[in-house]
Amino acid sequence: MESFIHLITSFGVLAILSVIFAESGLLIGFVLPGDSLLFTAGYMVQQNILHIDIHIFALLVLRLQCWATVLVIVLVTKLGASCLEKKIPDSSEKIFGANRKVLR
């Protein structure tokens, strides 16, 4: 039990920040416990179970979520552009043919 508590106090902040980054910036984030994890982490920092100042922890969380948002923007602009370049066939071409006239 002592080794488990030592593991939590040693790597707890890093693990919490990793989960927050994955939840905010990656597509697998919807399966992770974000709100409850933040509440528990704040409680553990306030009770001095995790040895970090609450203000530094809050700034780290904020900075990490900003970086995750930037990562999402970069991924969407890179991957989204390639998805938009593909031509999606128009369903009306099957019905009316390719030489349909547009009425104005």
# chains A, B, ... in the order shown; residues from 1 in each chain; ligands from 1
>>> residues_around(residues="segment 15-28 of chain A", least_positions_apart="3", cutoff="12 Å", atoms="only C-alpha atoms", output="PDB file with C-alpha atoms, in the first residue's frame")
ATOM      1  CA  LEU A   7       3.377   6.116  -6.923  1.00  0.00           C
ATOM      2  CA  ILE A   8       0.359   8.435  -6.752  1.00  0.00           C
ATOM      3  CA  THR A   9       2.285  11.235  -5.054  1.00  0.00           C
ATOM      4  CA  SER A  10       5.218  10.876  -7.447  1.00  0.00           C
ATOM      5  CA  PHE A  11       3.486  10.588 -10.812  1.00  0.00           C
ATOM      6  CA  GLY A  12      -0.018  11.810  -9.984  1.00  0.00           C
ATOM      7  CA  VAL A  31     -13.923   8.063 -22.716  1.00  0.00           C
ATOM      8  CA  LEU A  32     -11.775   9.692 -20.038  1.00  0.00           C
ATOM      9  CA  PRO A  33     -13.115  11.037 -16.727  1.00  0.00           C
ATOM     10  CA  GLY A  34     -12.455  14.740 -17.172  1.00  0.00           C
ATOM     11  CA  ASP A  35     -14.665  16.636 -14.740  1.00  0.00           C
ATOM     12  CA  SER A  36     -14.456  14.136 -11.913  1.00  0.00           C
ATOM     13  CA  LEU A  37     -10.694  13.884 -12.400  1.00  0.00           C
ATOM     14  CA  LEU A  38     -10.292  17.660 -12.154  1.00  0.00           C
ATOM     15  CA  PHE A  39     -12.416  17.761  -9.018  1.00  0.00           C
ATOM     16  CA  THR A  40     -10.440  14.932  -7.405  1.00  0.00           C
ATOM     17  CA  ALA A  41      -7.107  16.449  -8.449  1.00  0.00           C
ATOM     18  CA  GLY A  42      -8.077  19.821  -6.996  1.00  0.00           C
ATOM     19  CA  MET A  44      -5.788  16.180  -3.627  1.00  0.00           C
ATOM     20  CA  VAL A  45      -3.735  19.306  -4.280  1.00  0.00           C
ATOM     21  CA  LEU A  50      -0.109  15.926  -4.423  1.00  0.00           C
ATOM     22  CA  PHE A  57      -1.501  23.339 -10.904  1.00  0.00           C
ATOM     23  CA  ALA A  58      -4.339  25.520 -12.224  1.00  0.00           C
ATOM     24  CA  LEU A  59      -1.962  27.344 -14.562  1.00  0.00           C
ATOM     25  CA  LEU A  60      -0.566  24.032 -15.809  1.00  0.00           C
ATOM     26  CA  VAL A  61      -4.057  22.738 -16.512  1.00  0.00           C
ATOM     27  CA  LEU A  62      -4.988  25.942 -18.336  1.00  0.00           C
ATOM     28  CA  ARG A  63      -1.795  25.927 -20.401  1.00  0.00           C
ATOM     29  CA  LEU A  64      -2.212  22.266 -21.287  1.00  0.00           C
ATOM     30  CA  GLN A  65      -5.790  22.777 -22.434  1.00  0.00           C
ATOM     31  CA  CYS A  66      -4.664  25.695 -24.618  1.00  0.00           C
ATOM     32  CA  TRP A  67      -1.972  23.516 -26.200  1.00  0.00           C
ATOM     33  CA  ALA A  68      -4.528  20.774 -26.758  1.00  0.00           C
ATOM     34  CA  THR A  69      -6.821  23.264 -28.486  1.00  0.00           C
ATOM     35  CA  VAL A  70      -3.976  24.359 -30.745  1.00  0.00           C
ATOM     36  CA  LEU A  71      -3.293  20.705 -31.549  1.00  0.00           C
ATOM     37  CA  VAL A  72      -6.936  20.204 -32.513  1.00  0.00           C
ATOM     38  CA  ILE A  73      -6.839  23.277 -34.758  1.00  0.00           C
ATOM     39  CA  VAL A  74      -3.679  22.049 -36.479  1.00  0.00           C
ATOM     40  CA  LEU A  75      -5.094  18.546 -36.948  1.00  0.00           C
ATOM     41  CA  VAL A  76      -8.370  19.861 -38.335  1.00  0.00           C
TER      42      VAL A  76
END
>>> atom_distance(atom1="atom CA of His55 of chain A", atom2="atom CA of Ser3 of chain A")
27.6 Å
>>> atom_distance(atom1="atom CA of Ile49 of chain A", atom2="atom CA of His6 of chain A")
10.1 Å
